[in-house]
$ cat final24.pdb   # PDB, N, CA and C atoms
ATOM      1  N   MET W   4     -28.643  -0.851  12.471
ATOM      2  CA  MET W   4     -28.479  -0.063  13.672
ATOM      3  C   MET W   4     -27.171  -0.466  14.353
ATOM      4  N   THR W   5     -26.406   0.506  14.761
ATOM      5  CA  THR W   5     -25.140   0.203  15.420
ATOM      6  C   THR W   5     -25.359  -0.003  16.915
ATOM      7  N   ALA W   6     -24.562  -0.878  17.466
ATOM      8  CA  ALA W   6     -24.681  -1.188  18.883
ATOM      9  C   ALA W   6     -24.148  -0.047  19.747
ATOM     10  N   HIS W   7     -23.108   0.589  19.306
ATOM     11  CA  HIS W   7     -22.465   1.653  20.070
ATOM     12  C   HIS W   7     -22.175   2.838  19.146
ATOM     13  N   PRO W   8     -23.105   3.778  19.007
ATOM     14  CA  PRO W   8     -22.861   4.912  18.107
ATOM     15  C   PRO W   8     -21.696   5.792  18.559
ATOM     16  N   TRP W   9     -21.402   5.827  19.841
ATOM     17  CA  TRP W   9     -20.281   6.629  20.341
ATOM     18  C   TRP W   9     -18.955   6.083  19.849
ATOM     19  N   LEU W  10     -18.941   4.780  19.492
ATOM     20  CA  LEU W  10     -17.710   4.170  19.015
ATOM     21  C   LEU W  10     -17.306   4.751  17.662
ATOM     22  N   ARG W  11     -18.303   5.061  16.826
ATOM     23  CA  ARG W  11     -18.008   5.676  15.530
ATOM     24  C   ARG W  11     -17.455   7.091  15.729
ATOM     25  N   VAL W  12     -17.995   7.808  16.680
ATOM     26  CA  VAL W  12     -17.508   9.161  16.967
ATOM     27  C   VAL W  12     -16.070   9.095  17.480
ATOM     28  N   LEU W  13     -15.803   8.176  18.385
ATOM     29  CA  LEU W  13     -14.447   7.999  18.913
ATOM     30  C   LEU W  13     -13.487   7.614  17.797
ATOM     31  N   ALA W  14     -13.893   6.686  16.948
ATOM     32  CA  ALA W  14     -13.030   6.249  15.848
ATOM     33  C   ALA W  14     -12.737   7.416  14.911
ATOM     34  N   GLY W  15     -13.755   8.199  14.588
ATOM     35  CA  GLY W  15     -13.549   9.358  13.719
ATOM     36  C   GLY W  15     -12.611  10.372  14.339
ATOM     37  N   ALA W  16     -12.768  10.618  15.622
ATOM     38  CA  ALA W  16     -11.895  11.562  16.322
ATOM     39  C   ALA W  16     -10.451  11.060  16.328
ATOM     40  N   LEU W  17     -10.265   9.769  16.546
ATOM     41  CA  LEU W  17      -8.909   9.209  16.542
ATOM     42  C   LEU W  17      -8.254   9.344  15.171
ATOM     43  N   VAL W  18      -9.022   9.103  14.118
ATOM     44  CA  VAL W  18      -8.474   9.229  12.768
ATOM     45  C   VAL W  18      -8.087  10.686  12.492
ATOM     46  N   ILE W  19      -8.950  11.620  12.840
ATOM     47  CA  ILE W  19      -8.668  13.035  12.585
ATOM     48  C   ILE W  19      -7.461  13.514  13.387
ATOM     49  N   VAL W  20      -7.431  13.189  14.671
ATOM     50  CA  VAL W  20      -6.302  13.611  15.513
ATOM     51  C   VAL W  20      -5.013  12.946  15.043
ATOM     52  N   GLY W  21      -5.100  11.672  14.693
ATOM     53  CA  GLY W  21      -3.916  10.958  14.204
ATOM     54  C   GLY W  21      -3.371  11.562  12.921
ATOM     55  N   LEU W  22      -4.257  11.887  11.981
ATOM     56  CA  LEU W  22      -3.810  12.507  10.733
ATOM     57  C   LEU W  22      -3.183  13.880  10.994
ATOM     58  N   ALA W  23      -3.793  14.651  11.875
ATOM     59  CA  ALA W  23      -3.246  15.970  12.198
ATOM     60  C   ALA W  23      -1.857  15.835  12.813
ATOM     61  N   MET W  24      -1.703  14.914  13.757
ATOM     62  CA  MET W  24      -0.401  14.720  14.394
ATOM     63  C   MET W  24       0.642  14.284  13.377
ATOM     64  N   PHE W  25       0.233  13.422  12.443
ATOM     65  CA  PHE W  25       1.173  12.944  11.430
ATOM     66  C   PHE W  25       1.597  14.073  10.498
ATOM     67  N   PHE W  26       0.629  14.803   9.942
ATOM     68  CA  PHE W  26       0.964  15.812   8.944
ATOM     69  C   PHE W  26       1.678  17.024   9.534
ATOM     70  N   ILE W  27       1.382  17.372  10.771
ATOM     71  CA  ILE W  27       2.105  18.479  11.399
ATOM     72  C   ILE W  27       3.578  18.110  11.594
ATOM     73  N   ASN W  28       3.851  16.839  11.834
ATOM     74  CA  ASN W  28       5.216  16.383  12.103
ATOM     75  C   ASN W  28       5.799  15.557  10.960
ATOM     76  N   ALA W  29       5.210  15.632   9.776
ATOM     77  CA  ALA W  29       5.662  14.810   8.648
ATOM     78  C   ALA W  29       7.106  15.114   8.261
ATOM     79  N   GLU W  30       7.504  16.365   8.337
ATOM     80  CA  GLU W  30       8.877  16.718   7.969
ATOM     81  C   GLU W  30       9.883  16.010   8.868
ATOM     82  N   ALA W  31       9.603  15.962  10.156
ATOM     83  CA  ALA W  31      10.513  15.278  11.084
ATOM     84  C   ALA W  31      10.553  13.781  10.795
ATOM     85  N   LEU W  32       9.419  13.217  10.384
ATOM     86  CA  LEU W  32       9.385  11.795  10.068
ATOM     87  C   LEU W  32      10.170  11.479   8.796
ATOM     88  N   LEU W  33      10.051  12.333   7.809
ATOM     89  CA  LEU W  33      10.660  12.067   6.511
ATOM     90  C   LEU W  33      12.127  12.460   6.429
ATOM     91  N   ASN W  34      12.610  13.292   7.357
ATOM     92  CA  ASN W  34      14.006  13.729   7.351
ATOM     93  C   ASN W  34      14.973  12.651   7.781
ATOM     94  N   GLY W  35      14.506  11.675   8.499
ATOM     95  CA  GLY W  35      15.412  10.690   9.059
ATOM     96  C   GLY W  35      16.209  11.317  10.187
ATOM     97  N   ASP W  36      17.527  11.208  10.125
ATOM     98  CA  ASP W  36      18.381  11.765  11.180
ATOM     99  C   ASP W  36      18.879  13.172  10.854
ATOM    100  N   ALA W  37      18.445  13.732   9.725
ATOM    101  CA  ALA W  37      18.907  15.064   9.336
ATOM    102  C   ALA W  37      18.355  16.120  10.288
ATOM    103  N   VAL W  38      19.176  17.102  10.600
ATOM    104  CA  VAL W  38      18.765  18.230  11.429
ATOM    105  C   VAL W  38      18.777  19.449  10.520
ATOM    106  N   GLU W  39      17.641  20.148  10.463
ATOM    107  CA  GLU W  39      17.522  21.278   9.559
ATOM    108  C   GLU W  39      17.114  22.552  10.289
ATOM    109  N   CYS W  40      17.514  23.669   9.718
ATOM    110  CA  CYS W  40      17.113  24.988  10.185
ATOM    111  C   CYS W  40      16.499  25.708   8.996
ATOM    112  N   ASP W  41      15.202  25.904   9.033
ATOM    113  CA  ASP W  41      14.472  26.534   7.927
ATOM    114  C   ASP W  41      14.772  25.871   6.586
ATOM    115  N   GLY W  42      14.870  24.549   6.578
ATOM    116  CA  GLY W  42      15.081  23.791   5.352
ATOM    117  C   GLY W  42      16.536  23.576   4.976
ATOM    118  N   SER W  43      17.457  24.210   5.669
ATOM    119  CA  SER W  43      18.883  24.038   5.378
ATOM    120  C   SER W  43      19.491  23.076   6.389
ATOM    121  N   PRO W  44      20.320  22.137   5.913
ATOM    122  CA  PRO W  44      20.941  21.178   6.837
ATOM    123  C   PRO W  44      21.865  21.879   7.832
ATOM    124  N   MET W  45      21.877  21.352   9.053
ATOM    125  CA  MET W  45      22.750  21.882  10.102
ATOM    126  C   MET W  45      23.823  20.859  10.444
ATOM    127  N   ARG W  46      24.939  21.373  10.942
ATOM    128  CA  ARG W  46      26.024  20.527  11.430
ATOM    129  C   ARG W  46      26.262  20.860  12.897
ATOM    130  N   PRO W  47      26.884  19.955  13.645
ATOM    131  CA  PRO W  47      27.176  20.243  15.048
ATOM    132  C   PRO W  47      27.967  21.544  15.181
ATOM    133  N   GLY W  48      27.574  22.324  16.178
ATOM    134  CA  GLY W  48      28.232  23.597  16.432
ATOM    135  C   GLY W  48      27.521  24.781  15.789
ATOM    136  N   GLN W  49      26.590  24.524  14.886
ATOM    137  CA  GLN W  49      25.862  25.620  14.246
ATOM    138  C   GLN W  49      24.664  26.027  15.091
ATOM    139  N   TRP W  50      24.203  27.265  14.844
ATOM    140  CA  TRP W  50      23.036  27.800  15.534
ATOM    141  C   TRP W  50      21.964  28.134  14.514
ATOM    142  N   CYS W  51      20.709  28.028  14.947
ATOM    143  CA  CYS W  51      19.571  28.315  14.077
ATOM    144  C   CYS W  51      18.799  29.494  14.648
ATOM    145  N   ALA W  52      18.754  30.587  13.890
ATOM    146  CA  ALA W  52      17.975  31.752  14.295
ATOM    147  C   ALA W  52      16.656  31.729  13.543
ATOM    148  N   SER W  53      15.567  31.829  14.258
ATOM    149  CA  SER W  53      14.238  31.814  13.656
ATOM    150  C   SER W  53      14.030  33.062  12.809
ATOM    151  N   ALA W  54      13.410  32.896  11.647
ATOM    152  CA  ALA W  54      13.142  34.021  10.746
ATOM    153  C   ALA W  54      12.148  34.998  11.364
ATOM    154  N   SER W  55      11.306  34.515  12.268
ATOM    155  CA  SER W  55      10.296  35.381  12.883
ATOM    156  C   SER W  55      10.855  36.155  14.082
ATOM    157  N   GLY W  56      12.143  36.045  14.316
ATOM    158  CA  GLY W  56      12.759  36.792  15.415
ATOM    159  C   GLY W  56      12.621  36.119  16.764
ATOM    160  N   GLY W  57      12.295  34.846  16.764
ATOM    161  CA  GLY W  57      12.130  34.112  18.022
ATOM    162  C   GLY W  57      13.477  33.703  18.592
ATOM    163  N   GLU W  58      13.483  32.598  19.291
ATOM    164  CA  GLU W  58      14.692  32.144  19.960
ATOM    165  C   GLU W  58      15.706  31.550  18.988
ATOM    166  N   THR W  59      16.958  31.528  19.395
ATOM    167  CA  THR W  59      18.041  30.925  18.641
ATOM    168  C   THR W  59      18.376  29.599  19.298
ATOM    169  N   LEU W  60      18.384  28.537  18.490
ATOM    170  CA  LEU W  60      18.632  27.203  19.018
ATOM    171  C   LEU W  60      19.903  26.621  18.419
ATOM    172  N   GLY W  61      20.618  25.859  19.237
ATOM    173  CA  GLY W  61      21.806  25.174  18.769
ATOM    174  C   GLY W  61      21.455  23.857  18.095
ATOM    175  N   TYR W  62      22.477  23.230  17.536
ATOM    176  CA  TYR W  62      22.308  21.966  16.812
ATOM    177  C   TYR W  62      21.658  20.897  17.692
ATOM    178  N   GLU W  63      22.159  20.735  18.913
ATOM    179  CA  GLU W  63      21.629  19.692  19.800
ATOM    180  C   GLU W  63      20.159  19.938  20.155
ATOM    181  N   GLU W  64      19.792  21.207  20.376
ATOM    182  CA  GLU W  64      18.392  21.513  20.699
ATOM    183  C   GLU W  64      17.487  21.235  19.506
ATOM    184  N   GLU W  65      17.959  21.599  18.302
ATOM    185  CA  GLU W  65      17.188  21.312  17.088
ATOM    186  C   GLU W  65      17.041  19.807  16.884
ATOM    187  N   LYS W  66      18.104  19.071  17.203
ATOM    188  CA  LYS W  66      18.066  17.614  17.059
ATOM    189  C   LYS W  66      17.030  17.018  18.016
ATOM    190  N   LYS W  67      16.959  17.536  19.241
ATOM    191  CA  LYS W  67      15.953  17.069  20.206
ATOM    192  C   LYS W  67      14.541  17.403  19.722
ATOM    193  N   ASN W  68      14.359  18.606  19.167
ATOM    194  CA  ASN W  68      13.047  18.984  18.633
ATOM    195  C   ASN W  68      12.625  18.078  17.481
ATOM    196  N   GLU W  69      13.576  17.749  16.608
ATOM    197  CA  GLU W  69      13.287  16.838  15.495
ATOM    198  C   GLU W  69      12.884  15.459  16.016
ATOM    199  N   ALA W  70      13.603  14.969  17.031
ATOM    200  CA  ALA W  70      13.291  13.657  17.597
ATOM    201  C   ALA W  70      11.916  13.658  18.255
ATOM    202  N   ARG W  71      11.580  14.750  18.938
ATOM    203  CA  ARG W  71      10.264  14.867  19.573
ATOM    204  C   ARG W  71       9.163  14.891  18.504
ATOM    205  N   GLY W  72       9.402  15.627  17.431
ATOM    206  CA  GLY W  72       8.442  15.688  16.340
ATOM    207  C   GLY W  72       8.245  14.341  15.677
ATOM    208  N   GLU W  73       9.327  13.599  15.547
ATOM    209  CA  GLU W  73       9.240  12.256  14.965
ATOM    210  C   GLU W  73       8.405  11.336  15.853
ATOM    211  N   LEU W  74       8.618  11.412  17.148
ATOM    212  CA  LEU W  74       7.855  10.594  18.093
ATOM    213  C   LEU W  74       6.366  10.927  18.032
ATOM    214  N   VAL W  75       6.037  12.214  17.988
ATOM    215  CA  VAL W  75       4.636  12.644  17.915
ATOM    216  C   VAL W  75       4.022  12.194  16.590
ATOM    217  N   GLY W  76       4.785  12.256  15.519
ATOM    218  CA  GLY W  76       4.289  11.794  14.220
ATOM    219  C   GLY W  76       3.956  10.309  14.227
ATOM    220  N   TYR W  77       4.837   9.510  14.819
ATOM    221  CA  TYR W  77       4.560   8.071  14.910
ATOM    222  C   TYR W  77       3.373   7.785  15.828
ATOM    223  N   ALA W  78       3.219   8.567  16.884
ATOM    224  CA  ALA W  78       2.041   8.407  17.741
ATOM    225  C   ALA W  78       0.774   8.723  16.949
ATOM    226  N   GLY W  79       0.841   9.701  16.064
ATOM    227  CA  GLY W  79      -0.296  10.017  15.205
ATOM    228  C   GLY W  79      -0.651   8.878  14.281
ATOM    229  N   VAL W  80       0.361   8.212  13.749
ATOM    230  CA  VAL W  80       0.113   7.037  12.905
ATOM    231  C   VAL W  80      -0.599   5.958  13.725
ATOM    232  N   GLY W  81      -0.168   5.757  14.951
ATOM    233  CA  GLY W  81      -0.798   4.759  15.817
ATOM    234  C   GLY W  81      -2.241   5.102  16.139
ATOM    235  N   LEU W  82      -2.504   6.364  16.464
ATOM    236  CA  LEU W  82      -3.884   6.773  16.775
ATOM    237  C   LEU W  82      -4.785   6.638  15.554
ATOM    238  N   GLY W  83      -4.288   7.039  14.391
ATOM    239  CA  GLY W  83      -5.080   6.910  13.168
ATOM    240  C   GLY W  83      -5.385   5.453  12.850
ATOM    241  N   THR W  84      -4.394   4.587  13.038
ATOM    242  CA  THR W  84      -4.599   3.158  12.805
ATOM    243  C   THR W  84      -5.617   2.589  13.782
ATOM    244  N   LEU W  85      -5.540   2.994  15.028
ATOM    245  CA  LEU W  85      -6.516   2.544  16.022
ATOM    246  C   LEU W  85      -7.924   2.986  15.629
ATOM    247  N   GLY W  86      -8.069   4.215  15.149
ATOM    248  CA  GLY W  86      -9.372   4.705  14.699
ATOM    249  C   GLY W  86      -9.912   3.879  13.546
ATOM    250  N   ILE W  87      -9.058   3.539  12.584
ATOM    251  CA  ILE W  87      -9.487   2.717  11.445
ATOM    252  C   ILE W  87      -9.910   1.334  11.912
ATOM    253  N   VAL W  88      -9.151   0.749  12.834
ATOM    254  CA  VAL W  88      -9.505  -0.574  13.374
ATOM    255  C   VAL W  88     -10.854  -0.512  14.087
ATOM    256  N   LEU W  89     -11.110   0.562  14.834
ATOM    257  CA  LEU W  89     -12.410   0.704  15.500
ATOM    258  C   LEU W  89     -13.546   0.820  14.496
ATOM    259  N   PHE W  90     -13.339   1.593  13.416
ATOM    260  CA  PHE W  90     -14.355   1.694  12.364
ATOM    261  C   PHE W  90     -14.671   0.320  11.780
ATOM    262  N   ILE W  91     -13.624  -0.423  11.455
ATOM    263  CA  ILE W  91     -13.806  -1.737  10.832
ATOM    264  C   ILE W  91     -14.481  -2.708  11.793
ATOM    265  N   SER W  92     -14.032  -2.754  13.038
ATOM    266  CA  SER W  92     -14.625  -3.690  13.999
ATOM    267  C   SER W  92     -16.079  -3.333  14.285
ATOM    268  N   ASN W  93     -16.394  -2.044  14.340
ATOM    269  CA  ASN W  93     -17.776  -1.633  14.548
ATOM    270  C   ASN W  93     -18.634  -2.033  13.346
ATOM    271  N   GLY W  94     -18.091  -1.892  12.151
ATOM    272  CA  GLY W  94     -18.814  -2.309  10.947
ATOM    273  C   GLY W  94     -19.061  -3.804  10.916
ATOM    274  N   ILE W  95     -18.071  -4.583  11.300
ATOM    275  CA  ILE W  95     -18.235  -6.039  11.329
ATOM    276  C   ILE W  95     -19.272  -6.443  12.368
ATOM    277  N   THR W  96     -19.210  -5.831  13.535
ATOM    278  CA  THR W  96     -20.188  -6.137  14.590
ATOM    279  C   THR W  96     -21.598  -5.792  14.134
ATOM    280  N   THR W  97     -21.767  -4.648  13.512
ATOM    281  CA  THR W  97     -23.074  -4.230  13.007
ATOM    282  C   THR W  97     -23.570  -5.179  11.929
ATOM    283  N   TRP W  98     -22.680  -5.566  11.019
ATOM    284  CA  TRP W  98     -23.041  -6.472   9.929
ATOM    285  C   TRP W  98     -23.479  -7.833  10.491
ATOM    286  N   ARG W  99     -22.768  -8.361  11.493
ATOM    287  CA  ARG W  99     -23.123  -9.656  12.080
ATOM    288  C   ARG W  99     -24.462  -9.592  12.807
ATOM    289  N   ARG W 100     -24.747  -8.463  13.468
ATOM    290  CA  ARG W 100     -26.023  -8.317  14.162
ATOM    291  C   ARG W 100     -27.205  -8.265  13.207
ATOM    292  N   ASN W 101     -26.995  -7.672  12.039
ATOM    293  CA  ASN W 101     -28.075  -7.490  11.084
ATOM    294  C   ASN W 101     -28.250  -8.662  10.138
ATOM    295  N   ARG W 102     -27.437  -9.671  10.242
ATOM    296  CA  ARG W 102     -27.541 -10.851   9.356
ATOM    297  C   ARG W 102     -28.712 -11.685   9.685
TER     298      ARG W 102
END

$ encode --input "final24.pdb" --output "structure tokens"
Amino acid sequence: MTAHPWLRVLAGALVIVGLAMFFINAEALLNGDAVECDGSPMRPGQWCASASGGETLGYEEEKKNEARGELVGYAGVGLGTLGIVLFISNGITTWRRNR
């Protein structure tokens, strides 16, 4: 019997949210400092027009979006790791209680 069943739910939610945040922003994490527009590298002074007819962004704006995506991706890694640590600590606590 677990001491805090809500802890498992919280840990599971953290892992799921963390994985989602990571995979949605994985491209920004894996690109490094590269700035891309629809998969093509951009250079300063270039503009990126969205294929769906949305807004047109300059190099600096795309660079800021990439940096924001990278930050969110790393936050996802942190949340997922926290969820795993909660799962493990809850398992250890349960195991010690049942010994």

$ resolve_selection --input "final24.pdb" --expression "the PyMOL selection byres ((chain W and resi 48) around 6.5)" --output "VMD selection string"
chain W and resid 46 to 47 49 to 50 61 to 63

$ closest_atom_pairs --input "final24.pdb" --of "region 7-26 of chain W" --to "region 79-90 of chain W" --cutoff "6 Å" --atoms "all atoms listed in the file" --output "JSON lines"
{"residue": "W:Leu13", "atom": "C", "partner": "W:Gly86", "partner_atom": "CA", "distance": 5.9}
{"residue": "W:Ala14", "atom": "CA", "partner": "W:Gly86", "partner_atom": "CA", "distance": 4.1}
{"residue": "W:Gly15", "atom": "N", "partner": "W:Gly86", "partner_atom": "CA", "distance": 5.6}
{"residue": "W:Leu17", "atom": "C", "partner": "W:Leu82", "partner_atom": "C", "distance": 4.4}
{"residue": "W:Val18", "atom": "CA", "partner": "W:Gly83", "partner_atom": "CA", "distance": 4.1}
{"residue": "W:Val20", "atom": "C", "partner": "W:Gly79", "partner_atom": "CA", "distance": 5.6}
{"residue": "W:Gly21", "atom": "CA", "partner": "W:Gly79", "partner_atom": "CA", "distance": 3.9}
{"residue": "W:Leu22", "atom": "N", "partner": "W:Gly83", "partner_atom": "CA", "distance": 5.2}
{"residue": "W:Met24", "atom": "C", "partner": "W:Gly79", "partner_atom": "CA", "distance": 4.7}
{"residue": "W:Phe25", "atom": "N", "partner": "W:Gly79", "partner_atom": "CA", "distance": 4.4}

$ axis_aligned_box --input "final24.pdb" --around "region 70-77 of chain W" --padding-each-side "5 Å" --output "AutoDock Vina command-line options"
--center_x 8.5 --center_y 11.7 --center_z 16.9 --size_x 20.2 --size_y 17.9 --size_z 15.4

$ select_by_dssp --input "final24.pdb" --residues "chain W" --states "strand (DSSP E or B)" --output "ChimeraX atom specification"
/W:39-40,43-44,50-52,59-61

$ write_last_selection --input "final24.pdb" --atoms "N, CA and C atoms" --output "PDB file, in the coordinates of the input"
ATOM      1  N   GLU W  39      17.641  20.148  10.463  1.00  0.00           N
ATOM      2  CA  GLU W  39      17.522  21.278   9.559  1.00  0.00           C
ATOM      3  C   GLU W  39      17.114  22.552  10.289  1.00  0.00           C
ATOM      4  N   CYS W  40      17.514  23.669   9.718  1.00  0.00           N
ATOM      5  CA  CYS W  40      17.113  24.988  10.185  1.00  0.00           C
ATOM      6  C   CYS W  40      16.499  25.708   8.996  1.00  0.00           C
ATOM      7  N   SER W  43      17.457  24.210   5.669  1.00  0.00           N
ATOM      8  CA  SER W  43      18.883  24.038   5.378  1.00  0.00           C
ATOM      9  C   SER W  43      19.491  23.076   6.389  1.00  0.00           C
ATOM     10  N   PRO W  44      20.320  22.137   5.913  1.00  0.00           N
ATOM     11  CA  PRO W  44      20.941  21.178   6.837  1.00  0.00           C
ATOM     12  C   PRO W  44      21.865  21.879   7.832  1.00  0.00           C
ATOM     13  N   TRP W  50      24.203  27.265  14.844  1.00  0.00           N
ATOM     14  CA  TRP W  50      23.036  27.800  15.534  1.00  0.00           C
ATOM     15  C   TRP W  50      21.964  28.134  14.514  1.00  0.00           C
ATOM     16  N   CYS W  51      20.709  28.028  14.947  1.00  0.00           N
ATOM     17  CA  CYS W  51      19.571  28.315  14.077  1.00  0.00           C
ATOM     18  C   CYS W  51      18.799  29.494  14.648  1.00  0.00           C
ATOM     19  N   ALA W  52      18.754  30.587  13.890  1.00  0.00           N
ATOM     20  CA  ALA W  52      17.975  31.752  14.295  1.00  0.00           C
ATOM     21  C   ALA W  52      16.656  31.729  13.543  1.00  0.00           C
ATOM     22  N   THR W  59      16.958  31.528  19.395  1.00  0.00           N
ATOM     23  CA  THR W  59      18.041  30.925  18.641  1.00  0.00           C
ATOM     24  C   THR W  59      18.376  29.599  19.298  1.00  0.00           C
ATOM     25  N   LEU W  60      18.384  28.537  18.490  1.00  0.00           N
ATOM     26  CA  LEU W  60      18.632  27.203  19.018  1.00  0.00           C
ATOM     27  C   LEU W  60      19.903  26.621  18.419  1.00  0.00           C
ATOM     28  N   GLY W  61      20.618  25.859  19.237  1.00  0.00           N
ATOM     29  CA  GLY W  61      21.806  25.174  18.769  1.00  0.00           C
ATOM     30  C   GLY W  61      21.455  23.857  18.095  1.00  0.00           C
TER      31      GLY W  61
END

$ closest_residue --input "final24.pdb" --among "W:Ile95, W:Val75, W:Ala54, W:Ala70" --to "Asp36 (chain W)" --atoms "only C-alpha atoms"
W:Ala70

$ resolve_selection --input "final24.pdb" --expression "the PyMOL selection byres (((chain W and resi 39-44 and name CA) around 9) and name CA)" --output "VMD selection string"
chain W and resid 34 37 to 38 45 to 46 50 to 54 62 65 to 66 69

$ atom_distance --input "final24.pdb" --atom1 "CA of Ala23 (chain W)" --atom2 "CA of Arg71 (chain W)"
15.4 Å

$ atom_distance --input "final24.pdb" --atom1 "CA of Asn93 (chain W)" --atom2 "CA of Ile19 (chain W)"
17.4 Å

$ atom_distance --input "final24.pdb" --atom1 "CA of His7 (chain W)" --atom2 "CA of Ala78 (chain W)"
25.5 Å

$ resolve_selection --input "final24.pdb" --expression "the PyMOL selection byres (((chain W and resi 32 and name CA) around 9) and name CA)" --output "list in words"
Phe25, Asn28, Ala29, Glu30, Ala31, Leu33, Asn34, Gly35, Glu69, Ala70, Gly72, Glu73, Leu74, Gly76 and Tyr77 of chain W

$ decode --input "final24.pdb" --residues "region 17-74 of chain W" --atoms "C-alpha atoms" --output "compact mmCIF listing (two decimals), in the first residue's frame"
# COMPACT_ATOMS: atom_id res chain seq x y z
CA LEU W 17 5.08 15.51 -14.52
CA VAL W 18 6.59 12.82 -16.72
CA ILE W 19 3.88 13.21 -19.38
CA VAL W 20 4.02 17.02 -19.40
CA GLY W 21 7.82 16.96 -19.40
CA LEU W 22 7.96 14.57 -22.35
CA ALA W 23 5.42 16.65 -24.28
CA MET W 24 7.38 19.85 -23.64
CA PHE W 25 10.60 18.16 -24.73
CA PHE W 26 9.30 16.58 -27.93
CA ILE W 27 7.35 19.64 -29.06
CA ASN W 28 10.56 21.69 -28.75
CA ALA W 29 13.09 18.97 -29.68
CA GLU W 30 14.03 20.68 -32.94
CA ALA W 31 15.05 23.85 -31.10
CA LEU W 32 17.09 21.78 -28.65
CA LEU W 33 18.89 19.80 -31.33
CA ASN W 34 19.59 22.74 -33.68
CA GLY W 35 22.03 24.39 -31.35
CA ASP W 36 22.48 28.01 -32.44
CA ALA W 37 21.13 27.45 -35.96
CA VAL W 38 18.14 29.55 -37.00
CA GLU W 39 15.85 27.87 -39.50
CA CYS W 40 12.80 28.76 -41.56
CA ASP W 41 10.79 25.68 -42.54
CA GLY W 42 13.94 23.55 -42.27
CA SER W 43 16.18 25.88 -44.29
CA PRO W 44 19.00 27.76 -42.53
CA MET W 45 18.58 31.52 -42.19
CA ARG W 46 21.17 34.27 -42.15
CA PRO W 47 20.91 37.75 -40.62
CA GLY W 48 18.79 40.04 -42.74
CA GLN W 49 16.59 37.27 -44.14
CA TRP W 50 12.85 36.97 -43.61
CA CYS W 51 10.76 33.85 -43.04
CA ALA W 52 7.28 33.67 -44.54
CA SER W 53 5.07 30.95 -43.10
CA ALA W 54 3.80 28.40 -45.63
CA SER W 55 0.33 28.61 -44.06
CA GLY W 56 0.08 32.31 -44.92
CA GLY W 57 0.68 33.52 -41.38
CA GLU W 58 3.04 36.22 -40.24
CA THR W 59 6.46 36.97 -41.72
CA LEU W 60 9.30 36.98 -39.21
CA GLY W 61 12.82 38.32 -39.48
CA TYR W 62 16.02 36.53 -38.51
CA GLU W 63 16.18 38.08 -35.03
CA GLU W 64 12.55 37.17 -34.25
CA GLU W 65 13.12 33.58 -35.41
CA LYS W 66 16.26 33.44 -33.28
CA LYS W 67 14.25 34.56 -30.22
CA ASN W 68 11.59 31.93 -30.96
CA GLU W 69 14.27 29.24 -31.22
CA ALA W 70 15.79 30.34 -27.91
CA ARG W 71 12.36 30.29 -26.23
CA GLY W 72 11.70 26.81 -27.61
CA GLU W 73 15.05 25.62 -26.33
CA LEU W 74 14.29 26.96 -22.86
